[in-house]
$ cat protein-v9.pdb   # PDB, C-alpha atoms
ATOM      1  CA  MET C   1       9.785  -3.551  -1.118  1.00  0.00           C
ATOM      2  CA  TRP C   2      12.350  -0.735  -1.140  1.00  0.00           C
ATOM      3  CA  GLN C   3       9.857   1.490   0.673  1.00  0.00           C
ATOM      4  CA  ASP C   4       9.543  -1.128   3.399  1.00  0.00           C
ATOM      5  CA  ILE C   5      13.308  -1.431   3.768  1.00  0.00           C
ATOM      6  CA  SER C   6      13.671   2.352   3.865  1.00  0.00           C
ATOM      7  CA  LEU C   7      11.293   2.446   6.857  1.00  0.00           C
ATOM      8  CA  ILE C   8      13.694   0.200   8.756  1.00  0.00           C
ATOM      9  CA  ILE C   9      16.675   2.385   7.842  1.00  0.00           C
ATOM     10  CA  ARG C  10      15.091   5.844   8.237  1.00  0.00           C
ATOM     11  CA  LYS C  11      12.950   5.110  11.327  1.00  0.00           C
ATOM     12  CA  PRO C  12      10.530   7.968  10.528  1.00  0.00           C
ATOM     13  CA  ASP C  13       8.719   7.727  13.860  1.00  0.00           C
ATOM     14  CA  GLY C  14      11.993   7.774  15.787  1.00  0.00           C
ATOM     15  CA  SER C  15      11.702   4.172  16.938  1.00  0.00           C
ATOM     16  CA  GLN C  16      12.440   0.724  15.680  1.00  0.00           C
ATOM     17  CA  ALA C  17       8.838  -0.080  14.652  1.00  0.00           C
ATOM     18  CA  PHE C  18       9.939  -3.426  13.280  1.00  0.00           C
ATOM     19  CA  THR C  19      13.165  -5.129  12.312  1.00  0.00           C
ATOM     20  CA  PHE C  20      14.450  -6.492   9.033  1.00  0.00           C
ATOM     21  CA  SER C  21      13.655  -9.964  10.359  1.00  0.00           C
ATOM     22  CA  ASN C  22      10.026  -8.944  10.941  1.00  0.00           C
ATOM     23  CA  MET C  23       9.827  -7.411   7.464  1.00  0.00           C
ATOM     24  CA  TRP C  24      11.354 -10.441   5.759  1.00  0.00           C
ATOM     25  CA  SER C  25       9.031 -12.820   7.604  1.00  0.00           C
ATOM     26  CA  ALA C  26       6.047 -10.594   6.771  1.00  0.00           C
ATOM     27  CA  ALA C  27       6.999 -10.421   3.095  1.00  0.00           C
ATOM     28  CA  LYS C  28       7.032 -14.221   2.927  1.00  0.00           C
ATOM     29  CA  GLU C  29       3.543 -14.335   4.469  1.00  0.00           C
ATOM     30  CA  VAL C  30       2.094 -11.634   2.249  1.00  0.00           C
ATOM     31  CA  TYR C  31       3.715 -12.737  -1.021  1.00  0.00           C
ATOM     32  CA  ARG C  32       2.381 -16.246  -0.448  1.00  0.00           C
ATOM     33  CA  ASP C  33      -0.905 -14.742  -1.689  1.00  0.00           C
ATOM     34  CA  LEU C  34       0.635 -14.475  -5.173  1.00  0.00           C
ATOM     35  CA  ARG C  35      -0.085 -18.173  -5.667  1.00  0.00           C
ATOM     36  CA  HIS C  36      -3.505 -18.085  -4.026  1.00  0.00           C
ATOM     37  CA  PHE C  37      -6.289 -18.408  -6.616  1.00  0.00           C
ATOM     38  CA  SER C  38      -9.144 -19.666  -4.477  1.00  0.00           C
ATOM     39  CA  ASP C  39     -12.371 -18.253  -3.118  1.00  0.00           C
ATOM     40  CA  THR C  40     -11.207 -19.258   0.379  1.00  0.00           C
ATOM     41  CA  PRO C  41      -9.667 -16.150   1.965  1.00  0.00           C
ATOM     42  CA  THR C  42      -6.148 -16.142   3.350  1.00  0.00           C
ATOM     43  CA  LYS C  43      -5.130 -14.612   6.665  1.00  0.00           C
ATOM     44  CA  CYS C  44      -3.706 -11.550   4.897  1.00  0.00           C
ATOM     45  CA  GLN C  45      -6.872 -11.072   2.850  1.00  0.00           C
ATOM     46  CA  LEU C  46      -8.997 -11.230   5.989  1.00  0.00           C
ATOM     47  CA  ILE C  47      -6.736  -8.735   7.770  1.00  0.00           C
ATOM     48  CA  ASN C  48      -7.048  -6.457   4.753  1.00  0.00           C
ATOM     49  CA  GLU C  49     -10.842  -6.678   4.950  1.00  0.00           C
ATOM     50  CA  TRP C  50     -10.799  -6.104   8.715  1.00  0.00           C
ATOM     51  CA  LEU C  51      -8.478  -3.079   8.658  1.00  0.00           C
ATOM     52  CA  GLY C  52      -9.348  -1.776   5.186  1.00  0.00           C
ATOM     53  CA  VAL C  53      -5.687  -1.517   4.232  1.00  0.00           C
ATOM     54  CA  ASN C  54      -6.034  -1.631   0.434  1.00  0.00           C
ATOM     55  CA  ASP C  55      -8.681  -2.120  -2.279  1.00  0.00           C
ATOM     56  CA  MET C  56     -11.515  -1.669   0.210  1.00  0.00           C
ATOM     57  CA  ASP C  57     -13.592   1.006  -1.490  1.00  0.00           C
ATOM     58  CA  MET C  58     -17.028   1.061  -3.128  1.00  0.00           C
ATOM     59  CA  ASN C  59     -15.588  -0.304  -6.381  1.00  0.00           C
ATOM     60  CA  LEU C  60     -14.653  -3.505  -4.590  1.00  0.00           C
ATOM     61  CA  TYR C  61     -18.160  -3.950  -3.213  1.00  0.00           C
ATOM     62  CA  ALA C  62     -19.631  -3.370  -6.682  1.00  0.00           C
ATOM     63  CA  GLU C  63     -17.151  -5.914  -8.039  1.00  0.00           C
ATOM     64  CA  ARG C  64     -18.333  -8.502  -5.529  1.00  0.00           C
ATOM     65  CA  MET C  65     -21.939  -7.974  -6.586  1.00  0.00           C
ATOM     66  CA  ARG C  66     -21.182  -8.795 -10.220  1.00  0.00           C
ATOM     67  CA  THR C  67     -22.374 -12.127 -11.520  1.00  0.00           C
ATOM     68  CA  ASP C  68     -19.604 -12.752 -14.082  1.00  0.00           C
ATOM     69  CA  VAL C  69     -16.606 -12.838 -11.716  1.00  0.00           C
ATOM     70  CA  HIS C  70     -16.443 -16.586 -11.263  1.00  0.00           C
ATOM     71  CA  ASN C  71     -15.387 -17.734 -14.688  1.00  0.00           C
ATOM     72  CA  LYS C  72     -11.911 -18.198 -16.084  1.00  0.00           C
ATOM     73  CA  TYR C  73     -12.499 -15.691 -18.903  1.00  0.00           C
ATOM     74  CA  ASN C  74     -12.944 -12.697 -16.618  1.00  0.00           C
ATOM     75  CA  PHE C  75      -9.777 -10.948 -17.794  1.00  0.00           C
ATOM     76  CA  THR C  76     -10.848  -7.477 -16.592  1.00  0.00           C
ATOM     77  CA  ASN C  77     -11.016  -8.669 -12.986  1.00  0.00           C
ATOM     78  CA  LEU C  78      -7.677 -10.446 -13.323  1.00  0.00           C
ATOM     79  CA  ALA C  79      -6.037  -7.370 -14.921  1.00  0.00           C
ATOM     80  CA  PHE C  80      -7.326  -5.108 -12.132  1.00  0.00           C
ATOM     81  CA  LYS C  81      -6.004  -7.538  -9.540  1.00  0.00           C
ATOM     82  CA  PHE C  82      -2.507  -7.423 -11.039  1.00  0.00           C
ATOM     83  CA  ALA C  83      -2.616  -3.628 -11.434  1.00  0.00           C
ATOM     84  CA  SER C  84      -3.567  -2.991  -7.799  1.00  0.00           C
ATOM     85  CA  ARG C  85      -1.457  -5.705  -6.203  1.00  0.00           C
ATOM     86  CA  PRO C  86       1.855  -3.833  -5.738  1.00  0.00           C
ATOM     87  CA  ASP C  87       0.220  -1.362  -3.354  1.00  0.00           C
ATOM     88  CA  TYR C  88      -1.530  -4.222  -1.531  1.00  0.00           C
ATOM     89  CA  TYR C  89       1.723  -6.145  -1.047  1.00  0.00           C
ATOM     90  CA  ASN C  90       3.617  -3.057   0.118  1.00  0.00           C
ATOM     91  CA  ARG C  91       0.978  -1.998   2.656  1.00  0.00           C
ATOM     92  CA  MET C  92       0.277  -5.509   3.907  1.00  0.00           C
ATOM     93  CA  THR C  93       3.992  -6.221   4.356  1.00  0.00           C
ATOM     94  CA  ILE C  94       4.274  -3.160   6.616  1.00  0.00           C
ATOM     95  CA  ILE C  95       1.125  -4.078   8.589  1.00  0.00           C
ATOM     96  CA  VAL C  96       2.145  -7.730   9.020  1.00  0.00           C
ATOM     97  CA  ALA C  97       5.717  -6.756  10.002  1.00  0.00           C
ATOM     98  CA  LYS C  98       4.338  -4.453  12.691  1.00  0.00           C
ATOM     99  CA  MET C  99       1.945  -7.189  13.876  1.00  0.00           C
ATOM    100  CA  LYS C 100       4.851  -9.627  14.109  1.00  0.00           C
ATOM    101  CA  ALA C 101       6.978  -7.069  15.980  1.00  0.00           C
ATOM    102  CA  ASP C 102       4.171  -6.383  18.464  1.00  0.00           C
ATOM    103  CA  GLY C 103       3.325 -10.067  18.904  1.00  0.00           C
ATOM    104  CA  ILE C 104      -0.202  -9.859  17.485  1.00  0.00           C
ATOM    105  CA  TRP C 105       0.311 -12.051  14.400  1.00  0.00           C
ATOM    106  CA  ASP C 106       0.040 -15.385  16.215  1.00  0.00           C
ATOM    107  CA  ALA C 107      -3.145 -14.279  17.993  1.00  0.00           C
ATOM    108  CA  LEU C 108      -5.001 -14.068  14.673  1.00  0.00           C
ATOM    109  CA  GLU C 109      -6.206 -17.313  13.104  1.00  0.00           C
ATOM    110  CA  VAL C 110      -8.454 -18.268  10.206  1.00  0.00           C
ATOM    111  CA  LYS C 111     -11.310 -20.560  11.215  1.00  0.00           C
ATOM    112  CA  ASP C 112     -14.133 -21.415   8.822  1.00  0.00           C
ATOM    113  CA  GLY C 113     -13.159 -18.530   6.540  1.00  0.00           C
ATOM    114  CA  GLN C 114     -13.307 -15.977   9.384  1.00  0.00           C
ATOM    115  CA  LEU C 115     -10.531 -14.112  11.166  1.00  0.00           C
ATOM    116  CA  VAL C 116     -10.553 -15.063  14.842  1.00  0.00           C
ATOM    117  CA  TYR C 117      -8.592 -13.257  17.572  1.00  0.00           C
ATOM    118  CA  ASN C 118      -7.332 -15.137  20.639  1.00  0.00           C
ATOM    119  CA  TYR C 119      -5.929 -12.715  23.206  1.00  0.00           C
ATOM    120  CA  LYS C 120      -4.185 -15.565  25.047  1.00  0.00           C
ATOM    121  CA  LYS C 121      -1.800 -15.912  22.088  1.00  0.00           C
ATOM    122  CA  ASP C 122      -1.182 -12.147  21.878  1.00  0.00           C
ATOM    123  CA  LYS C 123       2.323 -11.490  23.239  1.00  0.00           C
ATOM    124  CA  ARG C 124       1.254  -8.045  24.449  1.00  0.00           C
ATOM    125  CA  PHE C 125      -0.930  -9.804  27.043  1.00  0.00           C
ATOM    126  CA  SER C 126       1.297 -12.774  27.980  1.00  0.00           C
ATOM    127  CA  ALA C 127       1.355 -12.104  31.742  1.00  0.00           C
ATOM    128  CA  TYR C 128      -2.306 -11.045  31.881  1.00  0.00           C
ATOM    129  CA  ALA C 129      -3.545 -14.044  29.861  1.00  0.00           C
ATOM    130  CA  ASN C 130      -1.631 -16.451  32.115  1.00  0.00           C
ATOM    131  CA  GLY C 131      -2.884 -14.732  35.280  1.00  0.00           C
ATOM    132  CA  ASN C 132       0.694 -14.168  36.413  1.00  0.00           C
ATOM    133  CA  THR C 133       0.102 -11.328  38.911  1.00  0.00           C
ATOM    134  CA  SER C 134       3.715 -11.478  40.118  1.00  0.00           C
ATOM    135  CA  ASP C 135       4.953 -10.383  36.688  1.00  0.00           C
ATOM    136  CA  PRO C 136       5.885  -6.663  36.772  1.00  0.00           C
ATOM    137  CA  ASN C 137       4.080  -6.165  33.429  1.00  0.00           C
ATOM    138  CA  TYR C 138       0.785  -7.679  34.631  1.00  0.00           C
ATOM    139  CA  ASN C 139      -0.948  -4.397  35.571  1.00  0.00           C
ATOM    140  CA  LYS C 140       0.244  -2.639  32.418  1.00  0.00           C
ATOM    141  CA  GLN C 141      -0.994  -5.521  30.254  1.00  0.00           C
ATOM    142  CA  ALA C 142      -4.313  -5.706  32.109  1.00  0.00           C
ATOM    143  CA  SER C 143      -4.832  -1.965  31.577  1.00  0.00           C
ATOM    144  CA  LEU C 144      -3.989  -2.232  27.883  1.00  0.00           C
ATOM    145  CA  TYR C 145      -6.313  -5.224  27.469  1.00  0.00           C
ATOM    146  CA  HIS C 146      -9.254  -3.475  29.137  1.00  0.00           C
ATOM    147  CA  THR C 147      -8.609  -0.278  27.160  1.00  0.00           C
ATOM    148  CA  ILE C 148      -8.630  -2.167  23.859  1.00  0.00           C
ATOM    149  CA  ALA C 149     -11.579  -4.369  24.833  1.00  0.00           C
ATOM    150  CA  GLU C 150     -13.835  -1.409  25.615  1.00  0.00           C
TER     151      GLU C 150
END
$ encode --input "protein-v9.pdb" --output "structure tokens"
Amino acid sequence: MWQDISLIIRKPDGSQAFTFSNMWSAAKEVYRDLRHFSDTPTKCQLINEWLGVNDMDMNLYAERMRTDVHNKYNFTNLAFKFASRPDYYNRMTIIVAKMKADGIWDALEVKDGQLVYNYKKDKRFSAYANGNTSDPNYNKQASLYHTIAE
């Protein structure tokens, strides 16, 4: 958490990538996973799988192929989860804070266990999604949308 706060203070890229408010809101979202003990994925878990932020190596795929992971006596799996979680929470807090700062967070939803993106809820494309051609940001947003979509 101190690393995340230091990013706000130091501004290593020379800009205000996200604010303390974004970081605090992101931490609440990410740390909500501490109490999540279900096979149903959370939004943060799905973002982690999509972007490969943390714990997304060959060991994880081998772990998923195991047949003994679904019982309550699987202490090795539980111990590994607790050992690797601090890095997950740190990285995901930074990613989610940046998504909240950019306005992407609300555009991502979980439907039927899948991460679904709705560009109309993405604040980067507010004028373009509404078809508001009189907005001075319309052309910039349209260009960004088409660049990302390709």
$ resolve_selection --input "protein-v9.pdb" --expression "the PyMOL selection byres ((chain C and resi 142) around 10)" --output "ChimeraX atom specification"
/C:124-129,131,133,137-141,143-148
$ resolve_selection --input "protein-v9.pdb" --expression "the PyMOL selection byres ((chain C and resi 30) around 8)" --output "list in words"
Ala26, Ala27, Lys28, Glu29, Tyr31, Arg32, Asp33, Cys44, Tyr89, Met92, Thr93 and Val96 of chain C
$ closest_residue --input "protein-v9.pdb" --among "C:Leu34, C:Ala149, C:Ala17, C:Ile95" --to "Tyr119 (chain C)" --atoms "all atoms listed in the file"
C:Ala149
$ closest_residue --input "protein-v9.pdb" --among "C:Lys121, C:His36, C:Lys98, C:Lys111" --to "Ser21 (chain C)" --atoms "only C-alpha atoms"
C:Lys98
$ residues_around --input "protein-v9.pdb" --residues "Leu115 (chain C)" --least-positions-apart "2" --cutoff "9 Å" --atoms "all atoms listed in the file" --output "MDAnalysis selection string"
chainID C and resid 43 46:47 50 108:113 117
$ atom_distance --input "protein-v9.pdb" --atom1 "CA of Ile104 (chain C)" --atom2 "CA of Pro86 (chain C)"
24.1 Å
$ atom_distance --input "protein-v9.pdb" --atom1 "CA of Phe20 (chain C)" --atom2 "CA of Gly52 (chain C)"
24.6 Å
$ closest_residue --input "protein-v9.pdb" --among "C:Thr42, C:Lys100, C:Val53, C:Arg85" --to "Trp24 (chain C)" --atoms "only C-alpha atoms"
C:Lys100
$ residues_around --input "protein-v9.pdb" --residues "Asn54 (chain C)" --least-positions-apart "3" --cutoff "10 Å" --atoms "only C-alpha atoms" --output "list in words"
Gln45, Asn48, Glu49, Leu51, Asp57, Ser84, Arg85, Asp87, Tyr88, Tyr89, Asn90, Arg91 and Met92 of chain C
$ atom_distance --input "protein-v9.pdb" --atom1 "CA of Ile94 (chain C)" --atom2 "CA of Met23 (chain C)"
7.0 Å
$ closest_residue --input "protein-v9.pdb" --among "C:Thr40, C:Lys123, C:Arg35, C:Asn132" --to "Met99 (chain C)" --atoms "only C-alpha atoms"
C:Lys123
$ build_atoms --input "protein-v9.pdb" --residues "region 38-53 of chain C" --atoms "N, CA and C atoms" --output "compact mmCIF listing (two decimals), in the frame of the given file"
# COMPACT_ATOMS: atom_id res chain seq x y z
N SER C 38 -8.00 -18.94 -5.02
CA SER C 38 -9.14 -19.67 -4.48
C SER C 38 -10.14 -18.66 -3.90
N ASP C 39 -11.37 -19.10 -3.76
CA ASP C 39 -12.37 -18.25 -3.12
C ASP C 39 -12.23 -18.26 -1.60
N THR C 40 -11.45 -19.19 -1.06
CA THR C 40 -11.21 -19.26 0.38
C THR C 40 -10.21 -18.16 0.75
N PRO C 41 -10.57 -17.27 1.64
CA PRO C 41 -9.67 -16.15 1.96
C PRO C 41 -8.46 -16.59 2.78
N THR C 42 -7.35 -15.90 2.56
CA THR C 42 -6.15 -16.14 3.35
C THR C 42 -6.16 -15.22 4.58
N LYS C 43 -5.23 -15.44 5.47
CA LYS C 43 -5.13 -14.61 6.66
C LYS C 43 -4.87 -13.15 6.29
N CYS C 44 -4.00 -12.92 5.32
CA CYS C 44 -3.71 -11.55 4.90
C CYS C 44 -4.92 -10.90 4.26
N GLN C 45 -5.67 -11.63 3.46
CA GLN C 45 -6.87 -11.07 2.85
C GLN C 45 -7.90 -10.69 3.91
N LEU C 46 -8.04 -11.53 4.92
CA LEU C 46 -9.00 -11.23 5.99
C LEU C 46 -8.55 -10.03 6.84
N ILE C 47 -7.25 -9.91 7.05
CA ILE C 47 -6.74 -8.74 7.77
C ILE C 47 -6.98 -7.48 6.95
N ASN C 48 -6.78 -7.59 5.64
CA ASN C 48 -7.05 -6.46 4.75
C ASN C 48 -8.51 -6.04 4.82
N GLU C 49 -9.42 -7.00 4.84
CA GLU C 49 -10.84 -6.68 4.95
C GLU C 49 -11.16 -6.06 6.31
N TRP C 50 -10.55 -6.58 7.36
CA TRP C 50 -10.80 -6.10 8.72
C TRP C 50 -10.31 -4.67 8.90
N LEU C 51 -9.08 -4.39 8.45
CA LEU C 51 -8.48 -3.08 8.66
C LEU C 51 -8.70 -2.12 7.49
N GLY C 52 -9.15 -2.63 6.35
CA GLY C 52 -9.35 -1.78 5.19
C GLY C 52 -8.05 -1.18 4.68
N VAL C 53 -7.01 -1.99 4.60
CA VAL C 53 -5.69 -1.52 4.23
C VAL C 53 -5.62 -1.10 2.76
